[in-house]
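Shown next: protein.csv, containing CSV, C-alpha atoms and all ligand atoms.
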chain,number,residue,atom,x,y,z
A,1,MET,CA,-10.4,-33.2,10.1
A,2,SER,CA,-10.1,-29.7,8.8
A,3,GLU,CA,-11.2,-26.8,10.9
A,4,HIS,CA,-14.3,-25.0,9.5
A,5,VAL,CA,-14.8,-21.3,10.1
A,6,LYS,CA,-17.6,-18.9,9.1
A,7,CYS,CA,-15.4,-16.0,8.2
A,8,LEU,CA,-11.7,-16.1,7.4
A,9,ILE,CA,-9.7,-12.8,7.0
A,10,ILE,CA,-6.4,-13.0,5.1
A,11,GLY,CA,-4.1,-10.1,6.0
A,12,SER,CA,-3.7,-7.8,9.0
A,13,GLY,CA,-3.4,-4.2,8.0
A,14,PRO,CA,-6.0,-1.5,8.6
A,15,ALA,CA,-8.4,-3.2,6.2
A,16,GLY,CA,-8.1,-6.7,7.7
A,17,TYR,CA,-8.3,-5.6,11.3
A,18,THR,CA,-11.3,-3.3,10.7
A,19,ALA,CA,-13.0,-6.2,8.9
A,20,ALA,CA,-12.3,-8.3,12.0
A,21,ILE,CA,-13.7,-5.7,14.4
A,22,TYR,CA,-17.0,-5.6,12.4
A,23,ALA,CA,-17.1,-9.3,11.8
A,24,ALA,CA,-16.5,-10.2,15.4
A,25,ARG,CA,-19.1,-7.8,16.6
A,26,ALA,CA,-21.5,-9.4,14.2
A,27,ASP,CA,-20.7,-12.8,15.8
A,28,LEU,CA,-19.0,-14.2,12.7
A,29,LYS,CA,-16.2,-15.4,14.9
A,30,PRO,CA,-13.5,-14.3,12.4
A,31,VAL,CA,-10.1,-15.9,12.2
A,32,VAL,CA,-7.4,-13.6,10.9
A,33,ILE,CA,-4.4,-15.0,9.2
A,34,ALA,CA,-1.9,-12.2,9.9
A,35,GLY,CA,0.5,-13.0,7.0
A,36,SER,CA,4.3,-12.6,6.7
A,37,GLU,CA,4.2,-8.9,7.8
A,38,PRO,CA,1.6,-8.7,10.6
A,39,GLY,CA,0.2,-5.1,10.7
A,40,GLY,CA,1.1,-4.4,7.1
A,41,GLN,CA,2.8,-1.4,5.6
A,42,LEU,CA,2.2,0.8,8.6
A,43,MET,CA,4.6,-1.3,10.6
A,44,THR,CA,7.4,0.3,8.6
A,45,THR,CA,6.0,3.9,8.9
A,46,THR,CA,6.9,6.3,11.6
A,47,GLU,CA,4.6,9.2,12.4
A,48,VAL,CA,1.0,8.8,11.2
A,49,ASP,CA,-0.6,12.3,11.3
A,50,ASN,CA,-3.6,11.8,9.1
A,51,PHE,CA,-5.6,9.0,10.7
A,52,PRO,CA,-8.7,10.7,12.3
A,53,GLY,CA,-8.9,10.2,16.1
A,54,TYR,CA,-5.3,10.7,16.9
A,55,PRO,CA,-5.0,14.5,17.4
A,56,ASN,CA,-1.3,14.3,18.2
A,57,GLY,CA,-0.4,11.7,15.6
A,58,ILE,CA,0.8,8.2,16.4
A,59,GLN,CA,3.6,5.9,15.3
A,60,GLY,CA,2.5,3.4,12.6
A,61,PRO,CA,3.4,0.2,14.7
A,62,GLU,CA,1.6,1.6,17.8
A,63,MET,CA,-1.5,2.3,15.7
A,64,MET,CA,-1.6,-1.2,14.4
A,65,GLU,CA,-1.2,-2.5,17.9
A,66,ASP,CA,-4.4,-0.5,18.8
A,67,PHE,CA,-6.1,-2.0,15.8
A,68,ARG,CA,-5.1,-5.5,16.8
A,69,LYS,CA,-6.2,-5.1,20.4
A,70,GLN,CA,-9.6,-3.7,19.3
A,71,ALA,CA,-10.1,-6.7,17.0
A,72,GLU,CA,-9.1,-9.1,19.9
A,73,ARG,CA,-11.4,-7.3,22.4
A,74,PHE,CA,-14.4,-8.7,20.4
A,75,GLY,CA,-13.0,-12.2,20.2
A,76,THR,CA,-11.1,-12.2,16.9
A,77,ASP,CA,-8.8,-15.2,16.6
A,78,ILE,CA,-5.5,-13.9,15.2
A,79,ARG,CA,-3.0,-16.5,13.9
A,80,TYR,CA,0.6,-15.5,13.0
A,81,SER,CA,0.7,-17.7,9.9
A,82,PHE,CA,0.5,-17.2,6.2
A,83,VAL,CA,-1.7,-18.5,3.5
A,84,SER,CA,0.1,-20.8,1.1
A,85,SER,CA,-2.8,-21.5,-1.3
A,86,VAL,CA,-6.5,-21.2,-1.8
A,87,ASP,CA,-9.1,-23.3,-3.6
A,88,PHE,CA,-12.3,-21.5,-4.5
A,89,SER,CA,-13.6,-24.3,-6.8
A,90,SER,CA,-16.2,-25.6,-4.4
A,91,LYS,CA,-17.8,-24.5,-1.1
A,92,PRO,CA,-16.8,-24.3,1.6
A,93,TYR,CA,-13.6,-22.7,0.3
A,94,LYS,CA,-10.3,-24.3,1.2
A,95,VAL,CA,-7.4,-22.2,2.5
A,96,VAL,CA,-4.0,-23.9,3.2
A,97,ILE,CA,-2.1,-22.3,6.1
A,98,ASP,CA,1.7,-22.6,6.4
A,99,GLU,CA,1.7,-25.2,3.7
A,100,LYS,CA,0.2,-27.8,6.0
A,101,GLN,CA,-3.1,-27.0,7.7
A,102,THR,CA,-6.4,-26.6,5.7
A,103,ILE,CA,-9.1,-24.3,6.9
A,104,LEU,CA,-12.6,-24.5,5.4
A,105,ALA,CA,-14.4,-21.1,5.2
A,106,ASP,CA,-17.9,-20.0,4.3
A,107,ALA,CA,-16.8,-16.5,3.6
A,108,ILE,CA,-13.4,-15.0,3.0
A,109,ILE,CA,-12.2,-11.5,3.2
A,110,ILE,CA,-8.9,-10.7,1.4
A,111,SER,CA,-6.9,-7.8,2.7
A,112,THR,CA,-3.4,-8.8,1.8
A,113,GLY,CA,-2.4,-5.3,0.8
A,114,ALA,CA,0.2,-4.1,-1.7
A,115,THR,CA,3.9,-3.5,-1.4
A,116,ALA,CA,5.6,-0.3,-2.6
A,117,LYS,CA,8.4,-0.8,-5.1
A,118,TRP,CA,11.8,0.7,-4.2
A,119,LEU,CA,14.8,1.4,-6.4
A,120,GLY,CA,16.8,-1.0,-4.3
A,121,ILE,CA,20.0,1.1,-4.1
A,122,GLU,CA,21.9,0.8,-0.8
A,123,SER,CA,21.6,4.5,0.3
A,124,GLU,CA,17.9,4.5,-0.3
A,125,GLN,CA,17.3,1.5,1.8
A,126,ARG,CA,19.7,2.5,4.6
A,127,LEU,CA,18.0,6.0,5.0
A,128,ARG,CA,14.5,4.4,4.7
A,129,LYS,CA,15.3,2.1,7.6
A,130,LEU,CA,16.5,5.0,9.6
A,131,SER,CA,13.3,6.9,8.8
A,132,GLY,CA,15.7,9.5,7.5
A,133,GLY,CA,13.5,11.2,4.8
A,134,VAL,CA,13.0,8.4,2.3
A,135,SER,CA,9.3,7.7,1.7
A,136,ALA,CA,7.0,5.9,-0.8
A,137,CYS,CA,4.0,8.0,0.2
A,138,ALA,CA,3.9,11.8,-0.4
A,139,VAL,CA,0.4,12.2,1.0
A,140,CYS,CA,1.6,10.5,4.3
A,141,ASP,CA,5.0,12.2,4.6
A,142,GLY,CA,5.0,15.3,2.5
A,143,PHE,CA,3.9,17.5,5.4
A,144,PHE,CA,7.2,16.9,7.2
A,145,PHE,CA,9.0,18.6,4.3
A,146,LYS,CA,7.0,21.9,4.2
A,147,GLY,CA,9.0,24.7,2.7
A,148,GLN,CA,11.9,22.4,1.8
A,149,ASP,CA,13.4,20.9,-1.4
A,150,VAL,CA,12.6,17.3,-2.3
A,151,ALA,CA,12.8,14.9,-5.1
A,152,ILE,CA,10.4,12.3,-6.4
A,153,VAL,CA,11.3,9.4,-8.7
A,154,GLY,CA,8.8,8.0,-11.3
A,155,GLY,CA,6.9,9.1,-14.4
A,156,GLY,CA,3.5,7.5,-13.9
A,157,ASP,CA,0.2,8.9,-12.6
A,158,THR,CA,1.2,8.3,-8.9
A,159,ALA,CA,4.5,10.2,-9.3
A,160,ALA,CA,2.8,13.0,-11.2
A,161,GLU,CA,0.0,13.3,-8.7
A,162,GLU,CA,2.4,13.2,-5.8
A,163,ALA,CA,4.8,15.7,-7.4
A,164,THR,CA,1.9,18.2,-7.7
A,165,TYR,CA,0.9,17.4,-4.1
A,166,LEU,CA,4.4,18.0,-2.9
A,167,ALA,CA,4.7,21.2,-5.0
A,168,LYS,CA,2.0,22.8,-2.9
A,169,LEU,CA,3.9,22.1,0.3
A,170,CYS,CA,7.5,22.3,-0.7
A,171,LYS,CA,9.7,25.0,-2.1
A,172,LYS,CA,11.0,22.9,-5.0
A,173,VAL,CA,10.3,19.4,-6.3
A,174,TYR,CA,12.7,17.6,-8.6
A,175,MET,CA,10.9,14.9,-10.6
A,176,ILE,CA,13.2,12.2,-11.8
A,177,VAL,CA,12.0,10.3,-14.9
A,178,ARG,CA,14.2,7.5,-16.4
A,179,LYS,CA,12.8,7.9,-19.9
A,180,ASP,CA,12.4,11.0,-22.1
A,181,PHE,CA,8.6,11.0,-21.5
A,182,LEU,CA,6.1,10.7,-18.8
A,183,ARG,CA,3.8,7.6,-18.6
A,184,ALA,CA,1.2,9.6,-16.7
A,185,SER,CA,-2.1,10.6,-18.4
A,186,LYS,CA,-2.0,13.7,-20.6
A,187,ALA,CA,-3.9,15.7,-18.0
A,188,MET,CA,-1.4,14.8,-15.2
A,189,GLN,CA,1.5,15.6,-17.6
A,190,HIS,CA,0.1,19.0,-18.2
A,191,ARG,CA,-0.3,19.7,-14.5
A,192,VAL,CA,3.3,18.7,-13.8
A,193,GLU,CA,4.7,20.7,-16.7
A,194,THR,CA,2.8,23.8,-15.8
A,195,THR,CA,3.7,23.8,-12.1
A,196,SER,CA,6.5,26.3,-11.7
A,197,ASN,CA,8.3,24.7,-8.7
A,198,ILE,CA,8.6,21.3,-10.3
A,199,GLU,CA,11.8,20.7,-12.3
A,200,LEU,CA,11.5,17.6,-14.5
A,201,LEU,CA,14.8,15.7,-15.0
A,202,TYR,CA,14.1,13.4,-18.0
A,203,ASN,CA,16.5,10.5,-18.8
A,204,HIS,CA,17.8,10.6,-15.2
A,205,GLU,CA,18.4,7.8,-12.8
A,206,THR,CA,19.3,8.0,-9.1
A,207,LYS,CA,22.9,7.1,-8.4
A,208,GLU,CA,22.9,7.8,-4.7
A,209,VAL,CA,20.8,9.4,-1.9
A,210,LEU,CA,23.2,11.4,0.2
A,211,GLY,CA,23.1,11.8,4.0
A,212,GLU,CA,24.2,9.9,7.2
A,213,GLN,CA,21.1,10.1,9.5
A,214,GLY,CA,18.8,12.0,7.2
A,215,VAL,CA,18.6,12.9,3.5
A,216,SER,CA,20.8,15.8,2.6
A,217,GLY,CA,21.0,15.5,-1.2
A,218,ALA,CA,21.0,13.1,-4.1
A,219,ILE,CA,23.1,12.4,-7.2
A,220,PHE,CA,21.2,11.9,-10.4
A,221,LYS,CA,22.8,10.6,-13.6
A,222,ASN,CA,21.7,11.5,-17.1
A,223,VAL,CA,21.6,8.1,-18.8
A,224,LYS,CA,22.1,9.7,-22.3
A,225,THR,CA,25.0,11.9,-21.6
A,226,GLY,CA,26.5,10.3,-18.5
A,227,THR,CA,26.5,13.7,-16.7
A,228,GLU,CA,25.9,13.6,-13.0
A,229,ARG,CA,24.0,16.3,-11.1
A,230,LYS,CA,24.0,16.7,-7.3
A,231,VAL,CA,21.0,18.4,-5.8
A,232,ASP,CA,20.4,19.5,-2.1
A,233,ILE,CA,17.2,17.9,-0.9
A,234,THR,CA,15.9,16.8,2.5
A,235,GLY,CA,13.1,14.4,1.3
A,236,PHE,CA,13.4,11.6,-1.3
A,237,PHE,CA,10.2,10.1,-2.5
A,238,VAL,CA,9.8,7.0,-4.6
A,239,ALA,CA,6.7,6.5,-6.7
A,240,ILE,CA,7.6,3.8,-9.1
A,241,GLY,CA,4.5,1.6,-8.5
A,242,HIS,CA,3.1,-0.9,-6.1
A,243,GLN,CA,2.8,-4.6,-6.3
A,244,PRO,CA,-0.5,-6.0,-5.0
A,245,ASN,CA,0.0,-9.1,-2.9
A,246,THR,CA,-2.1,-11.4,-5.0
A,247,GLU,CA,0.3,-14.1,-6.1
A,248,ILE,CA,-1.8,-16.9,-4.4
A,249,PHE,CA,-5.0,-15.6,-6.1
A,250,LYS,CA,-3.7,-15.7,-9.7
A,251,GLY,CA,-6.0,-17.9,-11.8
A,252,LYS,CA,-8.4,-18.3,-8.8
A,253,MET,CA,-10.3,-15.0,-9.3
A,254,ASP,CA,-10.5,-11.9,-11.5
A,255,LEU,CA,-7.5,-9.6,-11.2
A,256,ASP,CA,-6.9,-6.6,-13.4
A,257,GLU,CA,-3.9,-6.3,-15.7
A,258,GLN,CA,-1.7,-5.1,-12.8
A,259,GLY,CA,-2.7,-7.9,-10.5
A,260,TYR,CA,-5.2,-6.0,-8.3
A,261,ILE,CA,-8.3,-7.8,-7.3
A,262,LYS,CA,-11.4,-6.6,-9.2
A,263,THR,CA,-14.3,-5.6,-7.0
A,264,VAL,CA,-17.8,-4.6,-8.0
A,265,PRO,CA,-17.8,-0.8,-7.8
A,266,GLY,CA,-19.3,0.4,-4.5
A,267,SER,CA,-18.9,-2.9,-2.8
A,268,SER,CA,-16.2,-5.4,-1.7
A,269,LYS,CA,-17.6,-8.2,-3.8
A,270,THR,CA,-15.3,-10.1,-6.1
A,271,ASN,CA,-16.3,-12.4,-8.9
A,272,VAL,CA,-16.2,-15.3,-6.5
A,273,GLU,CA,-19.4,-15.5,-4.5
A,274,GLY,CA,-18.6,-15.2,-0.7
A,275,VAL,CA,-15.1,-13.8,-1.3
A,276,PHE,CA,-14.6,-10.1,-0.6
A,277,ALA,CA,-11.6,-7.9,-1.0
A,278,CYS,CA,-10.7,-4.7,0.8
A,279,GLY,CA,-7.7,-2.3,1.3
A,280,ASP,CA,-4.8,-1.8,-1.0
A,281,VAL,CA,-5.1,-5.2,-2.6
A,282,GLN,CA,-8.1,-3.8,-4.6
A,283,ASP,CA,-7.3,-0.1,-4.5
A,284,LYS,CA,-4.5,1.5,-6.6
A,285,HIS,CA,-5.9,5.0,-6.3
A,286,TYR,CA,-6.2,6.1,-2.7
A,287,ARG,CA,-3.9,3.7,-0.7
A,288,GLN,CA,-4.5,5.4,2.6
A,289,ALA,CA,-4.9,3.7,6.0
A,290,VAL,CA,-8.3,5.4,6.5
A,291,THR,CA,-9.7,4.3,3.1
A,292,ALA,CA,-8.4,0.8,3.7
A,293,ALA,CA,-10.1,0.7,7.1
A,294,GLY,CA,-13.3,2.0,5.5
A,295,SER,CA,-13.3,-0.7,2.9
A,296,GLY,CA,-12.6,-3.3,5.6
A,297,CYS,CA,-15.8,-2.3,7.2
A,298,MET,CA,-17.6,-2.7,3.9
A,299,ALA,CA,-16.2,-6.2,3.4
A,300,ALA,CA,-17.3,-7.3,6.8
A,301,LEU,CA,-20.8,-6.0,6.2
A,302,ASP,CA,-20.9,-7.6,2.8
A,303,ALA,CA,-19.7,-10.9,4.3
A,304,GLU,CA,-22.3,-10.7,7.1
A,305,ARG,CA,-25.1,-10.1,4.6
A,306,TYR,CA,-23.9,-12.9,2.4
A,307,LEU,CA,-23.8,-15.4,5.2
A,308,ALA,CA,-27.2,-14.3,6.5
A,309,SER,CA,-28.6,-14.9,3.0
A,310,LYS,CA,-27.4,-18.5,2.9
B,401,LIG,P1,3.1,2.9,-13.1
B,401,LIG,O1,3.6,1.5,-13.2
B,401,LIG,O2,2.1,3.4,-14.0
B,401,LIG,O3,4.4,3.9,-13.3
B,401,LIG,C1,5.6,3.6,-12.7
B,401,LIG,C2,6.6,4.7,-13.1
B,401,LIG,O4,7.8,4.5,-12.4
B,401,LIG,C3,6.9,4.7,-14.6
B,401,LIG,O5,7.2,6.0,-15.0
B,401,LIG,C4,8.2,3.9,-14.6
B,401,LIG,O6,9.1,4.2,-15.7
B,401,LIG,C5,8.9,4.3,-13.3
B,401,LIG,N1,9.8,3.3,-12.8
B,401,LIG,C6,9.5,2.0,-12.6
B,401,LIG,N2,10.6,1.4,-12.1
B,401,LIG,C7,11.6,2.3,-12.0
B,401,LIG,C8,12.9,2.4,-11.6
B,401,LIG,N3,13.5,1.2,-11.1
B,401,LIG,N4,13.6,3.5,-11.6
B,401,LIG,C9,13.0,4.6,-12.1
B,401,LIG,N5,11.7,4.7,-12.5
B,401,LIG,C10,11.0,3.6,-12.5
B,401,LIG,O7,2.7,3.1,-11.5
B,401,LIG,P2,1.8,4.2,-10.8
B,401,LIG,O8,1.9,3.9,-9.4
B,401,LIG,O9,2.1,5.5,-11.3
B,401,LIG,O10,0.3,3.8,-11.3
B,401,LIG,C11,-0.2,2.5,-11.2
B,401,LIG,C12,-1.6,2.5,-11.8
B,401,LIG,O11,-2.5,3.3,-11.1
B,401,LIG,C13,-1.6,3.0,-13.3
B,401,LIG,O12,-2.5,2.3,-14.0
B,401,LIG,C14,-2.1,4.5,-13.1
B,401,LIG,O13,-2.7,5.0,-14.2
B,401,LIG,C15,-3.1,4.3,-11.9
B,401,LIG,N6,-3.2,5.5,-11.1
B,401,LIG,C16,-4.2,6.4,-11.5
B,401,LIG,C17,-4.4,7.5,-10.8
B,401,LIG,C18,-5.5,8.4,-11.2
B,401,LIG,O14,-6.2,8.1,-12.2
B,401,LIG,N7,-5.8,9.5,-10.5
B,401,LIG,C19,-3.5,8.0,-9.7
B,401,LIG,C20,-2.5,7.0,-9.4
B,401,LIG,C21,-2.3,5.9,-10.1
B,401,LIG,P3,8.8,3.7,-17.2
B,401,LIG,O15,7.7,4.5,-17.7
B,401,LIG,O16,10.2,4.0,-17.8
B,401,LIG,O17,8.5,2.3,-17.1
Could you render the structure from this file as structure tokens?
Ligand code: NDP
Amino acid sequence: MSEHVKCLIIGSGPAGYTAAIYAARADLKPVVIAGSEPGGQLMTTTEVDNFPGYPNGIQGPEMMEDFRKQAERFGTDIRYSFVSSVDFSSKPYKVVIDEKQTILADAIIISTGATAKWLGIESEQRLRKLSGGVSACAVCDGFFFKGQDVAIVGGGDTAAEEATYLAKLCKKVYMIVRKDFLRASKAMQHRVETTSNIELLYNHETKEVLGEQGVSGAIFKNVKTGTERKVDITGFFVAIGHQPNTEIFKGKMDLDEQGYIKTVPGSSKTNVEGVFACGDVQDKHYRQAVTAAGSGCMAALDAERYLASK
């Protein structure tokens, strides 16, 4: 016999846990499937200084521990498993856990997040793991590099937006673009090109991020001429895109061309009745813990109203 739950939440970042807090308080007895990285992207973050309510900042993993405890306080059932497949073709919906157990759910909240893409070079990953000045979020970490020189890799809207954000805080920003043009919108291109402390290095790739315990520089290579250039920087930002974690939902619901779940604007509703999405899996614009948490609240309220209407 399959287990039957009212509200199943897939994913355990700020969106999923906030949805759980609201759903549990509404007596929906939510079950959270925590996924392969319980706590989500914040588990690999150090200082979080921009989440309201923590006047002295907090470490990412500690904050997620607080989220988890708060969700559990109201009776959320958290399972350290992952979802292997879903079937939304008939109600109640079927969700297969760890490739063996099936759970039937009346309402589902998807909060599986997104994963930042990295260049994948050894020095980038080593310094990232040491929290040594390598970051994929300028809005989160730019503050720590106030008045310093930094570099940001990427030529899309995110890189352009983050470069101009960093330019307001930092002395100098090197923007490293692998082609001879920016992919970002014309308006963003204009902003980048007219910001005096951003130096654009077109046709450049990152050869190495320098530093033992923290970033002290980087070597960039001109792919056309082969010339290498060493710059002194203390922060190395990567903004080459995110991958929404939607592999298991492909063909099961509407995704946009980049794989993000489509939601009805101003709500968490997807095109599948009773299935809601919140957090970074449906948001490529803001990607903040606080916006993810806010959308988790929306998803729980939408699920509660949906279940009440049935
Ligand atoms: P994009 O996929 O649009 O851009 C990624 C950028 O990173 C490209 O310039 C790409 O280069 C470069 N890149 C990819 N891989 C590498 C690599 N290995 N080494 C070096 N460079 C690399 O991602 P974004 O996150 O910028 O944007 C995602 C979506 O979100 C887009 O649709 C964007 O328009 C949207 N967005 C909109 C915003 C807004 O409207 N305010 C703000 C932020 C995002 P190449 O061009 O050579 O492929």
- Item | A:Ala116, A:Ile10, A:Val192, A:Val209 ranked by distance to ligand LIG 401 (chain B), top pick (using all atoms listed in the file) |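 Nearest candidate to ligand LIG 401 (chain B) out of A:Ala116, A:Ile10, A:Val192, A:Val209: A:Ala116.
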- Item | Spatial sel., origin (15.2, 12.8, -19.0), limit 8 Å, all atoms listed in the file, listed as JSON, numbers by chain | {"A": [176, 177, 178, 179, 180, 181, 200, 201, 202, 203, 204, 222, 223]}
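Minimum atom-to-atom distances from A:Glu162, A:Asp98, A:Glu208, A:Glu37 to ligand LIG 401 (chain B) were compared using only C-alpha atoms and all ligand atoms, and the lowest value belongs to A:Glu162.
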- For the atom pair atom CA of Lys230 of chain A and atom CA of Thr44 of chain A, what is the interatomic distance in Å to one decimal place? 28.2 Å
- Item | Test item: residues no farther than 7 Å from ligand LIG 401 (chain B), counting all atoms listed in the file, as a VMD selection string | chain A and resid 119 153 to 159 161 177 to 179 182 to 184 205 239 to 242 284 to 285
- Shortest interatomic distance to Val83 of chain A - which of A:Gly266, A:Gly259, A:Gly35, A:Gly147, counting only C-alpha atoms: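 Using only C-alpha atoms, Val83 of chain A sits closest to A:Gly35.
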- Task: Could you tell me which of A:Leu210, A:Val275, A:Met188, A:Val32 comes closest to Ala303 of chain A if we count only C-alpha atoms?
- Result: A:Val275
- Item | Straight-line distance linking atom CA of Cys140 of chain A with atom CA of Gln41 of chain A, stated in Å to one decimal |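 Atom CA of Gln41 of chain A lies at a distance of 12.0 Å from atom CA of Cys140 of chain A.
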- Item | Residue nearest Ala289 of chain A - candidates A:Phe51, A:Arg79, A:Lys69, A:Ala167, atoms counted: only C-alpha atoms | A:Phe51
- Item | Distance query Thr45 of chain A at most 10 Å, all atoms listed in the file, self and fewer than 5 positions along chain excluded, as a list in words |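 Here the answer would be Gly40, Gln59, Gly60, Pro61, Arg128, Lys129, Ser131, Ser135, Ala136, Cys137, Cys140 and Asp141 of chain A.
When all atoms listed in the file are used to compute distances to Val86 of chain A, the closest of the residues A:Lys146, A:Lys250, A:Arg305, A:Lys262 turns out to be A:Lys250.
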- Task: Would you kindly return, as a list in words, each protein, DNA or RNA residue with an atom no farther than 6 Å from any atom of Pro14 of chain A, considering only C-alpha atoms and excluding same-chain residues fewer than 3 positions away?
- Result: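 In the requested form, the answer reads Tyr17, Thr18, Ala289, Ala292 and Ala293 of chain A.
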- With a distance cut-off of 7 Å and all atoms listed in the file, select the neighbouring residues of segment 25-31 of chain A, excluding the residue or stretch itself and same-chain residues fewer than 4 positions from it, and output the selection as a list in words. Lys6, Cys7, Leu8, Ile9, Ala20, Ile21, Phe74, Gly75, Thr76, Asp77 and Ile78 of chain A
Need the shell around Val264 of chain A: protein/DNA/RNA residues with any atom at most 12 Å away, counting only C-alpha atoms. Skip same-chain ones fewer than 2 positions apart. Format as a PDB file with C-alpha atoms, keeping the file's coordinate frame?
ATOM      1  CA  ASP A 254     -10.500 -11.900 -11.500  1.00  0.00           C
ATOM      2  CA  LEU A 255      -7.500  -9.600 -11.200  1.00  0.00           C
ATOM      3  CA  ILE A 261      -8.300  -7.800  -7.300  1.00  0.00           C
ATOM      4  CA  LYS A 262     -11.400  -6.600  -9.200  1.00  0.00           C
ATOM      5  CA  GLY A 266     -19.300   0.400  -4.500  1.00  0.00           C
ATOM      6  CA  SER A 267     -18.900  -2.900  -2.800  1.00  0.00           C
ATOM      7  CA  SER A 268     -16.200  -5.400  -1.700  1.00  0.00           C
ATOM      8  CA  LYS A 269     -17.600  -8.200  -3.800  1.00  0.00           C
ATOM      9  CA  THR A 270     -15.300 -10.100  -6.100  1.00  0.00           C
ATOM     10  CA  ASN A 271     -16.300 -12.400  -8.900  1.00  0.00           C
ATOM     11  CA  VAL A 272     -16.200 -15.300  -6.500  1.00  0.00           C
ATOM     12  CA  GLU A 273     -19.400 -15.500  -4.500  1.00  0.00           C
ATOM     13  CA  VAL A 275     -15.100 -13.800  -1.300  1.00  0.00           C
ATOM     14  CA  PHE A 276     -14.600 -10.100  -0.600  1.00  0.00           C
ATOM     15  CA  ALA A 277     -11.600  -7.900  -1.000  1.00  0.00           C
ATOM     16  CA  CYS A 278     -10.700  -4.700   0.800  1.00  0.00           C
ATOM     17  CA  GLN A 282      -8.100  -3.800  -4.600  1.00  0.00           C
ATOM     18  CA  ASP A 283      -7.300  -0.100  -4.500  1.00  0.00           C
ATOM     19  CA  ALA A 299     -16.200  -6.200   3.400  1.00  0.00           C
ATOM     20  CA  ASP A 302     -20.900  -7.600   2.800  1.00  0.00           C
TER      21      ASP A 302
END
- For Leu166 of chain A, please output as an NGL selection string all residues within 12 Å (counting only C-alpha atoms; exclusion window: fewer than 2 positions along the same chain). :A and (137-152 or 158-164 or 168-175 or 192 or 195 or 197-198 or 235-237)
- Task: Grab the atom CA of Ile97 of chain A to atom CA of Leu307 of chain A distance for me, in Å with one decimal place.
- Result: 22.8 Å
- Step by step: start from the point (0.8, -12.8, 10.7) in the file's coordinates, keep every protein, DNA or RNA residue that has an atom no farther than 7 Å from it, count only C-alpha atoms, and write the set as a list in words.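 Protein, DNA and RNA residues close to (0.8, -12.8, 10.7): Ser12, Ile33, Ala34, Gly35, Ser36, Glu37, Pro38, Arg79, Tyr80, Ser81 and Phe82 of chain A.
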Would you mind exporting C-alpha atoms of the selected residues as a compact mmCIF listing (two decimals), in the coordinates of the input?
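Here's the written file again.txt:
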# COMPACT_ATOMS: atom_id res chain seq x y z
CA SER A 12 -3.70 -7.80 9.00
CA ILE A 33 -4.40 -15.00 9.20
CA ALA A 34 -1.90 -12.20 9.90
CA GLY A 35 0.50 -13.00 7.00
CA SER A 36 4.30 -12.60 6.70
CA GLU A 37 4.20 -8.90 7.80
CA PRO A 38 1.60 -8.70 10.60
CA ARG A 79 -3.00 -16.50 13.90
CA TYR A 80 0.60 -15.50 13.00
CA SER A 81 0.70 -17.70 9.90
CA PHE A 82 0.50 -17.20 6.20
